[in-house]
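Peer 1: Please see the structure below; I have some questions.
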Amino acid sequence: MSSQTSPQSTQMKKEDPDLKRFLEILNERTKDLNPKISIDKYGRAIYIEISNEKLHELAERLSKLGIDHVKSVTGVDYPSENKIELLIHAGSYLRTLRKYTVIIKSFLDRSSPKTRSLTDVWPSAEFQEREAWEMFGIYFEGHPDLRRLLLPEDFEGMWPMRKDFMIKTRRPGEVEGPWK
Amino acid sequence: MEVDRESSNDFLSNLSQELFMIRETGVREEGERLIELQIGPAHPGSGHMRILAWVDGDIVVRCDPDIGFVHRTIEKLSENRAYIKTIPLVERPSLLDTTPMTIGYVNAVEKLMGIEAPPRAKYLRTILAEITRIASHFYGIGILAIFLGHSTGFMWAFGDREVMIELATMLTGARITYAYVIPGGVRRDMPQNFPDQVEKGLRYIERRLKDWEKLFLNNPVVERRLRDIGVLKPVMARRLGITGPNLRASGVDYDVRMAEPYEAYDEIDFMIPVAEEGDAYARGLVRFKEIEQSISIIRQAIKKIPDGDIISPQISRLFNPLMKKIYAETRRVKFPSLLATLKPPKGEAMARVEAGRGEALFHIISDGSTNPYRFRFVTPSFRNVILFKYLIPGHRLADIPAIYGSIDYFPPEADR
């Protein structure tokens with residue numbers, strides 16, 4: 001049903017000169033890193049796709065531009081392409097930039113996902129990276145304290161957020177445990 | 001050879017002796033006495049989390065929050081559920097302000113589908129979100145009070161929160177888990193006498209805020225316990241990515257309701273309370289000031305609320321005749337069966353909202369099937385938990401409850 005609906009939403013913002021200017025600066029400062037920059041149709045999320053080697057450099061330049069904190073670091077698993085996408089949401093507390101969210105994407109090799117930790121640029125990534133490590137197995141080189149965060153110490157099985165990790169399901173009425 | 005073996009034996013025995021000493025008495029080689037304390041995970045005082053604190057005498061030297069005791073993998077569960085079945089799921093983590101969470105999730109789904117709620121539904125969402133914000137702040141204040149041993153404050157906060165819950169019950173039919181916000185609108189219209197009841201409730205809260213000032217804010221004991229404790233400098237707050245009232249108590253006026261207005265917030269006039277001190281007292285104070293602002297927002301929204309539909313025409317045209325009849329007579333929305341197998345187009349959408357404890361982020365990646373391919377859900381408490389590690393060291397052991405309470409950290413919300 002959704003395919004035929006595309007009303008002129010009021011949420012959809014028209015011209016935003018600030019965004020245009022910011023994108024210009026962003027393009028200029030990161031030209032040599034070859035990022036793929038796009039914005040969503042609401043003009044609030046800026047997507048940047050970049051290769052893994054240049055991710056740290058991009059983060060440094062963004063933080064100089066005023067993107068001063070990380071809201072989320074996580075992964076998206078694509079087993080059919082043998083890739084894990086590193087998905088980072090960064091933002092700013094500055095008045096001029098706070099309406100935008102910068103979403104950085106970088107593809108990692110699924111068999112050994114490894115990247116350089118961003119904690120030295122954005123200390124707010126510390127706990128987020130620990131979560132991405134235990135859930136997706138993304139190894140962050142240079143992280144000060146890469147341990148499990150949410151999972152219990154005796155948890156068995158690897159990388160529960162990956163697609164090939166199956167949740168144990170129970171049929172309705174089926175009872176498990178000693179009272180069976 | 002003989003000598004070598006002897007020395008290695010010595011080395012091992014020395015090492016084991018040293019390790020024994022550290023375990024038993026906490027004596028380190030440098031002469032520093034460190035004792036490891038495990039606070040929690042039993043509920044009173046710690047609440048589904050464990051704080052590992054290394055203390056030197058009475059001073060905490062190092063602190064490590066151990067979270068995840070109520071981890072439910074909401075992100076993974078949602079990958080196995082239809083889109084609308086995730087709505088009740090996202091409100092489970094933060095039981096005290098459920099509506100902002102559902103608003104964020106539904107906004108992301110709406111962005112994916114390209115639909116939008118009608119104005120009246122947006123106002124109703126705003127009203128309910130502010131009602132739950134007041135309830136959530138009272139809960140936070142109550143927990144802060146009981147952490148300080150101030151049991152009257154705890155009872156008062158829970159009593160006052162009840163008023164807000166009653167108002168929400170009138171609007172939604174449930175006390176805490178409303179699932180009121182659905183893609184394209186809301187489930188029910190407000191009852192006829194709702195504005196009067198809201199006004200009555202808000203007047204009561206306003207009256208109570210004056211009492212709260214006497215009982216809590218100007219209480220010398222509370223002030224002594226909270227002032228200059230757990231000072232979070234603005235620079236540190238920015239670097240650690242802190243959010244919500246904790247950030248605003250450190251002098252950064254960041255609020256998603258202003259930064260990226262959603263629902264009806266861009267049509268409503270309100271202020272963002274900010275405190276400069278950044279200590280535990282300021283964090284409590286900001287919550288009281290926010291309750292005042294929420295009261296003003298609810299009043300304006302009730303006054304300004306436009307007439308009209310509460311569900312988007314793109315959804316309501318899927319109604320069967322019986323649903324249309326129910327909607328026309330009682331203004332209640334029944335789910336069209338097509339919504340259960342909702343298939344948003346391929347793509348991704350992001351939404352963020354200001355929940356009671358701070359900014360919540362929702363990112364949905366859709367592959368065109370009935371379930372989200374990936375749903376990223378970041379709650380404010382998960383972003384604030386880093387404060388335990390960086391704010392507590394250097395304080396006395398007795399200040400841990402004061403700092404914990406002032407952060408308004410809610411373990412289920414952080415663990416998701």
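Residues in the structure tokens are numbered from 1 in each chain, the chains being A, B, ... in the order shown, and ligands are numbered from 1 in the order shown.
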When the cut-off is 7 Å and we count only C-alpha atoms, which residues of chain B are near chain A, given as JSON, numbers by chain?
Peer 2: {"B": [66, 67, 68, 71, 76, 113, 114, 115, 116, 238, 239, 240, 241, 254, 259, 260, 344, 345, 374, 378, 386, 415]}
Peer 1: Could you pull out the residues in segment 1-176 of chain A that DSSP calls helix (DSSP H, G or I) from the backbone, as a VMD selection string?
Peer 2: chain A and resid 2 to 4 17 to 29 31 to 33 52 to 65 79 to 81 123 to 136
Peer 1: Could you pull the residues within 10 Å of Ala264 of chain B, counting only C-alpha atoms, minus those fewer than 5 positions along the same chain, as a VMD selection string?
Peer 2: chain B and resid 119 to 127 257 301 305
Peer 1: Could you please take those selected residues and save N, CA and C atoms as a PDB file, in the first residue's frame?
Peer 2:
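Wrote part.pdb, looks like this:
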```pdb
ATOM      1  N   PRO B 119      -2.916  16.778  11.673  1.00  0.00           N
ATOM      2  CA  PRO B 119      -2.516  17.698  12.749  1.00  0.00           C
ATOM      3  C   PRO B 119      -3.081  17.333  14.121  1.00  0.00           C
ATOM      4  N   ARG B 120      -4.351  16.910  14.152  1.00  0.00           N
ATOM      5  CA  ARG B 120      -4.944  16.615  15.457  1.00  0.00           C
ATOM      6  C   ARG B 120      -4.198  15.467  16.140  1.00  0.00           C
ATOM      7  N   ALA B 121      -3.828  14.448  15.355  1.00  0.00           N
ATOM      8  CA  ALA B 121      -3.080  13.322  15.924  1.00  0.00           C
ATOM      9  C   ALA B 121      -1.719  13.792  16.434  1.00  0.00           C
ATOM     10  N   LYS B 122      -1.104  14.737  15.719  1.00  0.00           N
ATOM     11  CA  LYS B 122       0.196  15.236  16.159  1.00  0.00           C
ATOM     12  C   LYS B 122       0.086  15.938  17.506  1.00  0.00           C
ATOM     13  N   TYR B 123      -0.992  16.704  17.667  1.00  0.00           N
ATOM     14  CA  TYR B 123      -1.183  17.383  18.954  1.00  0.00           C
ATOM     15  C   TYR B 123      -1.443  16.377  20.062  1.00  0.00           C
ATOM     16  N   LEU B 124      -2.261  15.349  19.761  1.00  0.00           N
ATOM     17  CA  LEU B 124      -2.543  14.349  20.798  1.00  0.00           C
ATOM     18  C   LEU B 124      -1.258  13.636  21.208  1.00  0.00           C
ATOM     19  N   ARG B 125      -0.403  13.339  20.228  1.00  0.00           N
ATOM     20  CA  ARG B 125       0.877  12.705  20.551  1.00  0.00           C
ATOM     21  C   ARG B 125       1.717  13.615  21.441  1.00  0.00           C
ATOM     22  N   THR B 126       1.730  14.907  21.094  1.00  0.00           N
ATOM     23  CA  THR B 126       2.518  15.852  21.880  1.00  0.00           C
ATOM     24  C   THR B 126       2.016  15.909  23.316  1.00  0.00           C
ATOM     25  N   ILE B 127       0.678  15.966  23.463  1.00  0.00           N
ATOM     26  CA  ILE B 127       0.115  16.059  24.819  1.00  0.00           C
ATOM     27  C   ILE B 127       0.519  14.833  25.634  1.00  0.00           C
ATOM     28  N   ARG B 257      13.586  18.571  20.766  1.00  0.00           N
ATOM     29  CA  ARG B 257      12.303  19.223  20.485  1.00  0.00           C
ATOM     30  C   ARG B 257      12.520  20.578  19.815  1.00  0.00           C
ATOM     31  N   ALA B 301      -1.080  23.129  23.968  1.00  0.00           N
ATOM     32  CA  ALA B 301      -1.524  22.126  22.997  1.00  0.00           C
ATOM     33  C   ALA B 301      -3.020  21.887  23.119  1.00  0.00           C
ATOM     34  N   ILE B 305      -5.365  22.707  19.889  1.00  0.00           N
ATOM     35  CA  ILE B 305      -5.592  21.458  19.145  1.00  0.00           C
ATOM     36  C   ILE B 305      -6.670  21.634  18.071  1.00  0.00           C
TER      37      ILE B 305
END
```
Peer 1: Could you pull out the residues in segment 46-80 of chain A that DSSP calls strand (DSSP E or B) from the backbone, as a list in words?
Peer 2: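 So, restricting segment 46-80 of chain A to strand (DSSP E or B), we get Ile46, Tyr47, Ile48, Glu49, His69, Val70, Lys71, Ser72, Val73, Thr74, Gly75, Val76, Asp77 and Tyr78 of chain A.
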Peer 1: So how many Å separate atom CA of Asp309 of chain B and atom CA of Glu263 of chain B, to one decimal?
Peer 2: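 These atoms are spaced 15.2 Å apart.
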Peer 1: Using only C-alpha atoms, which of the listed residues (A:Glu81, A:Ile104, A:Leu86, A:Leu65) sits closest to Ile48 of chain A?
Peer 2: A:Ile104
Peer 1: Which residue out of A:Glu131, A:Asp32, A:Met158, A:Asp109 has the minimum interatomic distance to Pro79 of chain A when only C-alpha atoms are used?
Peer 2: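 Among the listed residues, the smallest separation from Pro79 of chain A belongs to A:Asp109.
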